Amino acid sequence: MAARAVIRIIEAAARSALVFLCFCGMPVGEAGAWENHSLPAYRAFERMPEIAAAPPVQAEALDAFLKAEEKAVAQLLAGQEVWARANIDAYPPRPSALDFRPEAGAPDAARRMAFFRALRIAQDSRFALYLQPDGQEAVPQRRALPFAAASSLPQPAGFFPRFVALAPGERVPALEVVASATDEPDYGLDINCWQDSPGAWGKTYGFGPLPFGNPALAFATQAPFHMGFFHESSVIYQAAPFLRRTFPLLRAHQYSTLAVLAFRTGHAYWGWRFTGLALHYVQDLTQPYHASLAPGESAVGLITANILALAGLPAMKRNLTVLLSNRHLALERYQLQLLQSAAQARLDSPVVLALRSDARDASYPAWSDAYLRDVVARQAHAHGPGLAALLMATMPKGYVADPDYDFGVQGDRVDLLAELSHRDPARRAELDHEVADLMGNFGAHTRNFVRAILKAAGLP
């Protein structure tokens, strides 16, 4: 009896620890695995013939696409549900009341809402006609689109993307459409979709309660669609089986099959737009802090931290949470600043060259339903321990090793490029090489996924 009681206490402690810790790499205010997806996507695509040489496409409102193809969309969404039940671990079946049913003559707004419900995405999603221009290009101010027109979320401090409005029928490069859309899932599409989320729609979607994080915090409710803990130890899964309830594979499949349908039915704009949306989830899982629960930390350490907290000694748990968050944010900030600096100077830096190079594309297996989990996420998970050690060895200690510093609150004022320029050049070169390697993976998996979509659509 005593032994079983001890086991129950340890299991409860592990679950509590993981509930608390699995969100610490995704602090409130930071929704994406990479701070901005469009900027690296431009570099990954700019010399990919299938996109760079693709003919311009005509912008088309979502309502127009759904109205023209509602029977095909209904059939596709039904097929997506069959696929998800067979292929997604711990998948909660979609309630039949959410099925998308063709209804000729229905108002556009009603058809669009039925589409959102069938996908089980946020019902205040914008899907505006817009572009996010390449960071190398100037934005015509007369066509600027407010942040709120593209996103349902509050505009973040130091907002980086700049949106340009499109008009229906306007011809635009395919490259700009797909690169812009890679950032779009961070604009509120996956917010409040859980049973215990604020608002109405999550209570009808059937996903159950939020697996981890705080359901009252909007950004927390996005995380299980953008993170995938597929390669943790068996101890972690035994202690916290809810970690299997992450669904980036679902979103990637939903949008990629919509892209194939759009291409096949002559809606090239939505072919590229849905491709970009699907790519976001692929790119998220190239980030080690989205494919690992706690990079560089052991399962024993996580459980120990929480047992001490339950015993009235919370310092270890609190410190670990802050440190994981700080390292996650410092990595993203440094990667974004490297790309921004290169874009502004139009410089072919090592990170840019890694994104653009297709040298490793063919080294991966052909795309399949298992590729995202077994290739992309596994690779990122394997990078975690070494990356964590490198961040601690290279970054200023205050940002990655001081639990009294909160990068999420104070990091907006940090210029990591400037600070690291004064540190050991050899150490910084190691970090730059690691970031370039991660961006090389980002670029290769991005292009391979696009090729798979184009092949399925029967396009060259």
# chains A, B, ... in the order shown; residues from 1 in each chain; ligands from 1
$ residues_around --residues "Ser125 of chain A" --least-positions-apart "4" --cutoff "10 Å" --atoms "only C-alpha atoms" --output "list in words"
Met113, Phe116, Ile121, Ala149, Ala150, Ser151, Ser152, Leu153, Glu184, Pro185, Tyr187, Gly188, Leu189, Asp190 and Ile191 of chain A
$ residues_around --residues "segment 274-285 of chain A" --least-positions-apart "5" --cutoff "9 Å" --atoms "only C-alpha atoms" --output "mmCIF file with C-alpha atoms, in the first residue's frame"
data_model
loop_
_atom_site.group_PDB
_atom_site.id
_atom_site.type_symbol
_atom_site.label_atom_id
_atom_site.label_comp_id
_atom_site.auth_asym_id
_atom_site.auth_seq_id
_atom_site.Cartn_x
_atom_site.Cartn_y
_atom_site.Cartn_z
ATOM 1 C CA GLY A 32 5.114 31.305 -32.987
ATOM 2 C CA ALA A 33 8.028 28.921 -32.984
ATOM 3 C CA TRP A 34 9.897 31.484 -35.070
ATOM 4 C CA HIS A 37 7.736 32.987 -40.746
ATOM 5 C CA VAL A 177 1.183 34.847 -51.581
ATOM 6 C CA VAL A 178 2.728 31.691 -50.159
ATOM 7 C CA ALA A 179 5.449 33.462 -48.150
ATOM 8 C CA SER A 180 2.904 35.831 -46.597
ATOM 9 C CA ALA A 181 0.571 32.997 -45.639
ATOM 10 C CA THR A 182 3.282 31.087 -43.759
ATOM 11 C CA ASP A 183 2.926 33.582 -40.902
ATOM 12 C CA GLU A 184 -0.877 33.705 -40.887
ATOM 13 C CA PRO A 185 -1.703 30.909 -38.399
ATOM 14 C CA ASP A 186 -0.125 33.111 -35.719
ATOM 15 C CA PHE A 225 -1.784 23.146 -32.515
ATOM 16 C CA HIS A 226 1.736 24.518 -33.026
ATOM 17 C CA MET A 227 3.823 22.196 -30.839
ATOM 18 C CA GLY A 228 4.379 18.451 -31.123
ATOM 19 C CA PRO A 248 0.123 20.322 -35.813
ATOM 20 C CA LEU A 249 -0.188 17.253 -38.060
ATOM 21 C CA ARG A 251 -3.578 21.464 -39.337
ATOM 22 C CA ALA A 252 -0.849 20.692 -41.885
ATOM 23 C CA HIS A 253 -3.050 18.015 -43.462
ATOM 24 C CA GLN A 254 -6.178 20.178 -43.483
ATOM 25 C CA TYR A 255 -4.590 23.119 -45.267
ATOM 26 C CA SER A 256 -2.374 21.080 -47.599
ATOM 27 C CA THR A 257 -5.308 19.067 -48.944
ATOM 28 C CA LEU A 258 -7.285 22.284 -49.373
ATOM 29 C CA ALA A 259 -4.323 23.611 -51.362
ATOM 30 C CA VAL A 260 -4.418 20.571 -53.645
ATOM 31 C CA ALA A 262 -7.727 24.737 -54.957
ATOM 32 C CA TYR A 269 -4.410 32.061 -55.390
ATOM 33 C CA HIS A 290 8.419 23.338 -30.193
ATOM 34 C CA ALA A 291 9.413 19.731 -30.762
ATOM 35 C CA LEU A 372 6.279 15.737 -40.240
ATOM 36 C CA ARG A 373 6.427 13.605 -37.118
ATOM 37 C CA VAL A 376 10.916 17.109 -39.064
ATOM 38 C CA ALA A 377 10.004 16.849 -35.374
ATOM 39 C CA ARG A 378 12.526 14.086 -34.656
ATOM 40 C CA ALA A 380 14.394 19.249 -34.167
ATOM 41 C CA HIS A 381 14.053 17.243 -30.963
ATOM 42 C CA ASN A 441 16.338 22.392 -42.112
ATOM 43 C CA PHE A 442 13.559 24.996 -42.217
ATOM 44 C CA GLY A 443 14.240 25.684 -45.890
ATOM 45 C CA HIS A 445 11.439 20.822 -45.271
ATOM 46 C CA THR A 446 9.541 23.871 -46.523
ATOM 47 C CA PHE A 449 6.393 20.022 -48.533
ATOM 48 C CA VAL A 450 5.610 22.393 -51.390
ATOM 49 C CA ILE A 453 1.549 19.506 -52.614
#
$ closest_residue --among "A:Phe65, A:Arg47, A:Leu250, A:Leu166" --to "Val82 of chain A" --atoms "only C-alpha atoms"
A:Leu250
$ residues_around --residues "Ala174 of chain A" --least-positions-apart "6" --cutoff "7 Å" --atoms "only C-alpha atoms" --output "list in words"
Ile51, Ala54, Pro55, Pro56, Val57 and Trp272 of chain A
$ write_last_selection --atoms "C-alpha atoms" --output "mmCIF file, in the first residue's frame"
data_model
loop_
_atom_site.group_PDB
_atom_site.id
_atom_site.type_symbol
_atom_site.label_atom_id
_atom_site.label_comp_id
_atom_site.auth_asym_id
_atom_site.auth_seq_id
_atom_site.Cartn_x
_atom_site.Cartn_y
_atom_site.Cartn_z
ATOM 1 C CA ILE A 51 7.546 29.145 -56.922
ATOM 2 C CA ALA A 54 5.274 30.412 -61.136
ATOM 3 C CA PRO A 55 2.878 32.712 -63.023
ATOM 4 C CA PRO A 56 1.194 35.526 -61.091
ATOM 5 C CA VAL A 57 -2.205 34.677 -59.619
ATOM 6 C CA TRP A 272 -0.696 29.056 -52.783
#
$ select_by_dssp --residues "segment 313-351 of chain A" --states "alpha helix (DSSP H)" --output "PyMOL selection string"
chain A and resi 315-345+350-351
$ write_last_selection --atoms "N, CA and C atoms" --output "compact mmCIF listing (two decimals), in the first residue's frame"
# COMPACT_ATOMS: atom_id res chain seq x y z
N ALA A 315 11.45 27.02 -5.57
CA ALA A 315 12.46 27.78 -6.30
C ALA A 315 12.95 27.05 -7.54
N MET A 316 13.23 25.76 -7.43
CA MET A 316 13.77 25.02 -8.58
C MET A 316 12.79 25.02 -9.75
N LYS A 317 11.53 24.81 -9.46
CA LYS A 317 10.50 24.77 -10.49
C LYS A 317 10.33 26.13 -11.15
N ARG A 318 10.27 27.15 -10.33
CA ARG A 318 10.11 28.51 -10.86
C ARG A 318 11.31 28.90 -11.70
N ASN A 319 12.50 28.60 -11.23
CA ASN A 319 13.72 28.97 -11.96
C ASN A 319 13.80 28.25 -13.30
N LEU A 320 13.48 26.97 -13.30
CA LEU A 320 13.55 26.19 -14.53
C LEU A 320 12.58 26.72 -15.57
N THR A 321 11.39 27.08 -15.14
CA THR A 321 10.39 27.63 -16.06
C THR A 321 10.89 28.91 -16.71
N VAL A 322 11.42 29.81 -15.91
CA VAL A 322 11.91 31.08 -16.44
C VAL A 322 13.09 30.86 -17.40
N LEU A 323 13.99 29.98 -17.03
CA LEU A 323 15.18 29.76 -17.85
C LEU A 323 14.83 29.15 -19.21
N LEU A 324 13.92 28.18 -19.23
CA LEU A 324 13.51 27.59 -20.50
C LEU A 324 12.85 28.63 -21.39
N SER A 325 12.01 29.45 -20.80
CA SER A 325 11.35 30.51 -21.55
C SER A 325 12.37 31.49 -22.11
N ASN A 326 13.31 31.90 -21.29
CA ASN A 326 14.31 32.88 -21.73
C ASN A 326 15.16 32.35 -22.88
N ARG A 327 15.56 31.07 -22.80
CA ARG A 327 16.39 30.51 -23.87
C ARG A 327 15.60 30.42 -25.18
N HIS A 328 14.35 30.02 -25.07
CA HIS A 328 13.48 29.96 -26.24
C HIS A 328 13.40 31.34 -26.92
N LEU A 329 13.11 32.35 -26.12
CA LEU A 329 12.94 33.70 -26.67
C LEU A 329 14.24 34.28 -27.19
N ALA A 330 15.33 34.02 -26.49
CA ALA A 330 16.62 34.54 -26.94
C ALA A 330 17.00 33.94 -28.30
N LEU A 331 16.75 32.65 -28.48
CA LEU A 331 17.02 32.02 -29.77
C LEU A 331 16.21 32.68 -30.87
N GLU A 332 14.92 32.85 -30.65
CA GLU A 332 14.06 33.43 -31.68
C GLU A 332 14.45 34.87 -32.00
N ARG A 333 14.77 35.62 -30.95
CA ARG A 333 15.14 37.02 -31.17
C ARG A 333 16.42 37.11 -31.98
N TYR A 334 17.41 36.28 -31.65
CA TYR A 334 18.68 36.32 -32.37
C TYR A 334 18.50 35.89 -33.82
N GLN A 335 17.72 34.82 -34.05
CA GLN A 335 17.48 34.36 -35.41
C GLN A 335 16.78 35.44 -36.24
N LEU A 336 15.78 36.10 -35.66
CA LEU A 336 15.05 37.13 -36.40
C LEU A 336 15.96 38.32 -36.69
N GLN A 337 16.79 38.72 -35.72
CA GLN A 337 17.67 39.87 -35.95
C GLN A 337 18.73 39.55 -37.01
N LEU A 338 19.20 38.32 -37.04
CA LEU A 338 20.13 37.93 -38.11
C LEU A 338 19.48 38.10 -39.48
N LEU A 339 18.24 37.65 -39.61
CA LEU A 339 17.54 37.74 -40.89
C LEU A 339 17.18 39.18 -41.24
N GLN A 340 16.72 39.94 -40.27
CA GLN A 340 16.38 41.34 -40.52
C GLN A 340 17.60 42.13 -40.96
N SER A 341 18.71 41.91 -40.28
CA SER A 341 19.93 42.63 -40.62
C SER A 341 20.37 42.29 -42.04
N ALA A 342 20.31 41.01 -42.39
CA ALA A 342 20.70 40.59 -43.74
C ALA A 342 19.76 41.16 -44.79
N ALA A 343 18.44 41.20 -44.48
CA ALA A 343 17.46 41.73 -45.43
C ALA A 343 17.68 43.22 -45.67
N GLN A 344 17.90 43.96 -44.61
CA GLN A 344 18.09 45.40 -44.74
C GLN A 344 19.34 45.73 -45.53
N ALA A 345 20.39 44.91 -45.37
CA ALA A 345 21.65 45.14 -46.07
C ALA A 345 21.71 44.40 -47.40
N PRO A 350 25.41 33.78 -43.89
CA PRO A 350 25.32 32.32 -43.78
C PRO A 350 23.91 31.81 -43.53
N VAL A 351 23.12 32.54 -42.76
CA VAL A 351 21.74 32.11 -42.50
C VAL A 351 20.92 32.19 -43.78
$ atom_distance --atom1 "atom CA of Tyr91 of chain A" --atom2 "atom CA of Gly213 of chain A"
18.9 Å
$ atom_distance --atom1 "atom CA of Asp358 of chain A" --atom2 "atom CA of Ala444 of chain A"
6.4 Å
$ atom_distance --atom1 "atom CA of Asp424 of chain A" --atom2 "atom CA of Asp404 of chain A"
24.5 Å
$ residues_around --residues "Glu46 of chain A" --least-positions-apart "3" --cutoff "10 Å" --atoms "only C-alpha atoms" --output "number ranges by chain"
A: 41-43, 49-53, 175-176, 179, 355-356
$ residues_around --residues "Arg244 of chain A" --least-positions-apart "3" --cutoff "8 Å" --atoms "only C-alpha atoms" --output "list in words"
Asp89, Ala90, Gly228, Phe229, Phe230, Tyr237 and Pro241 of chain A
$ write_last_selection --atoms "N, CA and C atoms" --output "PDB file, in the first residue's frame"
ATOM      1  N   ASP A  89      -2.733  10.585 -33.447  1.00  0.00           N
ATOM      2  CA  ASP A  89      -2.776   9.985 -32.120  1.00  0.00           C
ATOM      3  C   ASP A  89      -3.634  10.852 -31.197  1.00  0.00           C
ATOM      4  N   ALA A  90      -4.490  10.209 -30.408  1.00  0.00           N
ATOM      5  CA  ALA A  90      -5.344  10.899 -29.432  1.00  0.00           C
ATOM      6  C   ALA A  90      -6.272  11.926 -30.095  1.00  0.00           C
ATOM      7  N   GLY A 228       4.574  19.891 -31.025  1.00  0.00           N
ATOM      8  CA  GLY A 228       4.379  18.451 -31.123  1.00  0.00           C
ATOM      9  C   GLY A 228       5.428  17.705 -30.327  1.00  0.00           C
ATOM     10  N   PHE A 229       5.032  17.139 -29.196  1.00  0.00           N
ATOM     11  CA  PHE A 229       5.971  16.411 -28.337  1.00  0.00           C
ATOM     12  C   PHE A 229       5.893  14.919 -28.676  1.00  0.00           C
ATOM     13  N   PHE A 230       6.470  14.551 -29.812  1.00  0.00           N
ATOM     14  CA  PHE A 230       6.341  13.194 -30.322  1.00  0.00           C
ATOM     15  C   PHE A 230       7.488  12.278 -29.914  1.00  0.00           C
ATOM     16  N   TYR A 237       5.616  10.290 -21.037  1.00  0.00           N
ATOM     17  CA  TYR A 237       4.274   9.952 -21.516  1.00  0.00           C
ATOM     18  C   TYR A 237       3.465   9.216 -20.451  1.00  0.00           C
ATOM     19  N   PRO A 241       0.145  11.644 -20.118  1.00  0.00           N
ATOM     20  CA  PRO A 241      -0.368  11.185 -21.418  1.00  0.00           C
ATOM     21  C   PRO A 241      -1.043  12.284 -22.228  1.00  0.00           C
TER      22      PRO A 241
END
$ residues_around --residues "Pro460 of chain A" --least-positions-apart "2" --cutoff "10 Å" --atoms "only C-alpha atoms" --output "ChimeraX atom specification"
/A:50,54,451,454-455,457-458
$ decode --residues "segment 267-295 of chain A" --atoms "N, CA and C atoms" --output "mmCIF file, in the first residue's frame"
data_model
loop_
_atom_site.group_PDB
_atom_site.id
_atom_site.type_symbol
_atom_site.label_atom_id
_atom_site.label_comp_id
_atom_site.auth_asym_id
_atom_site.auth_seq_id
_atom_site.Cartn_x
_atom_site.Cartn_y
_atom_site.Cartn_z
ATOM 1 N N HIS A 267 -8.170 27.536 -58.754
ATOM 2 C CA HIS A 267 -8.094 28.673 -57.829
ATOM 3 C C HIS A 267 -6.656 28.790 -57.327
ATOM 4 N N ALA A 268 -5.768 29.229 -58.211
ATOM 5 C CA ALA A 268 -4.340 29.210 -57.894
ATOM 6 C C ALA A 268 -3.997 30.079 -56.697
ATOM 7 N N TYR A 269 -4.700 31.204 -56.547
ATOM 8 C CA TYR A 269 -4.410 32.061 -55.390
ATOM 9 C C TYR A 269 -4.591 31.268 -54.099
ATOM 10 N N TRP A 270 -5.721 30.559 -53.983
ATOM 11 C CA TRP A 270 -5.949 29.789 -52.757
ATOM 12 C C TRP A 270 -5.096 28.539 -52.713
ATOM 13 N N GLY A 271 -4.658 28.039 -53.841
ATOM 14 C CA GLY A 271 -3.683 26.966 -53.819
ATOM 15 C C GLY A 271 -2.422 27.386 -53.085
ATOM 16 N N TRP A 272 -1.910 28.567 -53.441
ATOM 17 C CA TRP A 272 -0.696 29.056 -52.783
ATOM 18 C C TRP A 272 -0.976 29.516 -51.359
ATOM 19 N N ARG A 273 -2.141 30.123 -51.130
ATOM 20 C CA ARG A 273 -2.447 30.623 -49.776
ATOM 21 C C ARG A 273 -2.588 29.448 -48.803
ATOM 22 N N PHE A 274 -3.340 28.435 -49.175
ATOM 23 C CA PHE A 274 -3.468 27.271 -48.295
ATOM 24 C C PHE A 274 -2.126 26.548 -48.121
ATOM 25 N N THR A 275 -1.303 26.545 -49.157
ATOM 26 C CA THR A 275 0.033 25.955 -49.027
ATOM 27 C C THR A 275 0.823 26.667 -47.941
ATOM 28 N N GLY A 276 0.790 27.997 -47.954
ATOM 29 C CA GLY A 276 1.489 28.764 -46.924
ATOM 30 C C GLY A 276 0.957 28.484 -45.534
ATOM 31 N N LEU A 277 -0.368 28.387 -45.397
ATOM 32 C CA LEU A 277 -0.950 28.084 -44.090
ATOM 33 C C LEU A 277 -0.461 26.726 -43.579
ATOM 34 N N ALA A 278 -0.467 25.726 -44.445
ATOM 35 C CA ALA A 278 0.006 24.398 -44.035
ATOM 36 C C ALA A 278 1.476 24.430 -43.639
ATOM 37 N N LEU A 279 2.263 25.198 -44.380
ATOM 38 C CA LEU A 279 3.698 25.264 -44.114
ATOM 39 C C LEU A 279 4.013 25.799 -42.721
ATOM 40 N N HIS A 280 3.162 26.650 -42.193
ATOM 41 C CA HIS A 280 3.435 27.215 -40.881
ATOM 42 C C HIS A 280 3.686 26.119 -39.844
ATOM 43 N N TYR A 281 2.882 25.077 -39.874
ATOM 44 C CA TYR A 281 2.975 24.011 -38.873
ATOM 45 C C TYR A 281 4.202 23.139 -39.110
ATOM 46 N N VAL A 282 4.584 22.982 -40.363
ATOM 47 C CA VAL A 282 5.837 22.284 -40.682
ATOM 48 C C VAL A 282 7.008 23.077 -40.120
ATOM 49 N N GLN A 283 7.015 24.371 -40.376
ATOM 50 C CA GLN A 283 8.112 25.234 -39.939
ATOM 51 C C GLN A 283 8.164 25.341 -38.420
ATOM 52 N N ASP A 284 7.000 25.345 -37.758
ATOM 53 C CA ASP A 284 7.002 25.373 -36.297
ATOM 54 C C ASP A 284 7.780 24.193 -35.720
ATOM 55 N N LEU A 285 7.621 23.042 -36.321
ATOM 56 C CA LEU A 285 8.258 21.852 -35.770
ATOM 57 C C LEU A 285 9.730 21.737 -36.136
ATOM 58 N N THR A 286 10.275 22.684 -36.900
ATOM 59 C CA THR A 286 11.725 22.733 -37.079
ATOM 60 C C THR A 286 12.400 23.447 -35.917
ATOM 61 N N GLN A 287 11.619 24.046 -35.022
ATOM 62 C CA GLN A 287 12.142 24.782 -33.869
ATOM 63 C C GLN A 287 12.263 23.811 -32.697
ATOM 64 N N PRO A 288 13.460 23.567 -32.173
ATOM 65 C CA PRO A 288 13.612 22.584 -31.098
ATOM 66 C C PRO A 288 12.748 22.849 -29.874
ATOM 67 N N TYR A 289 12.451 24.111 -29.573
ATOM 68 C CA TYR A 289 11.630 24.400 -28.413
ATOM 69 C C TYR A 289 10.144 24.164 -28.687
ATOM 70 N N HIS A 290 9.793 23.756 -29.897
ATOM 71 C CA HIS A 290 8.419 23.338 -30.193
ATOM 72 C C HIS A 290 8.305 21.842 -30.398
ATOM 73 N N ALA A 291 9.423 21.177 -30.584
ATOM 74 C CA ALA A 291 9.413 19.731 -30.762
ATOM 75 C C ALA A 291 9.936 19.010 -29.523
ATOM 76 N N SER A 292 10.287 19.764 -28.481
ATOM 77 C CA SER A 292 10.800 19.200 -27.233
ATOM 78 C C SER A 292 10.082 19.852 -26.062
ATOM 79 N N LEU A 293 9.810 19.074 -25.062
ATOM 80 C CA LEU A 293 9.157 19.614 -23.879
ATOM 81 C C LEU A 293 10.071 20.580 -23.129
ATOM 82 N N ALA A 294 11.303 20.189 -22.923
ATOM 83 C CA ALA A 294 12.248 21.017 -22.169
ATOM 84 C C ALA A 294 13.653 20.678 -22.640
ATOM 85 N N PRO A 295 14.118 21.281 -23.742
ATOM 86 C CA PRO A 295 15.428 20.941 -24.299
ATOM 87 C C PRO A 295 16.550 21.061 -23.268
#
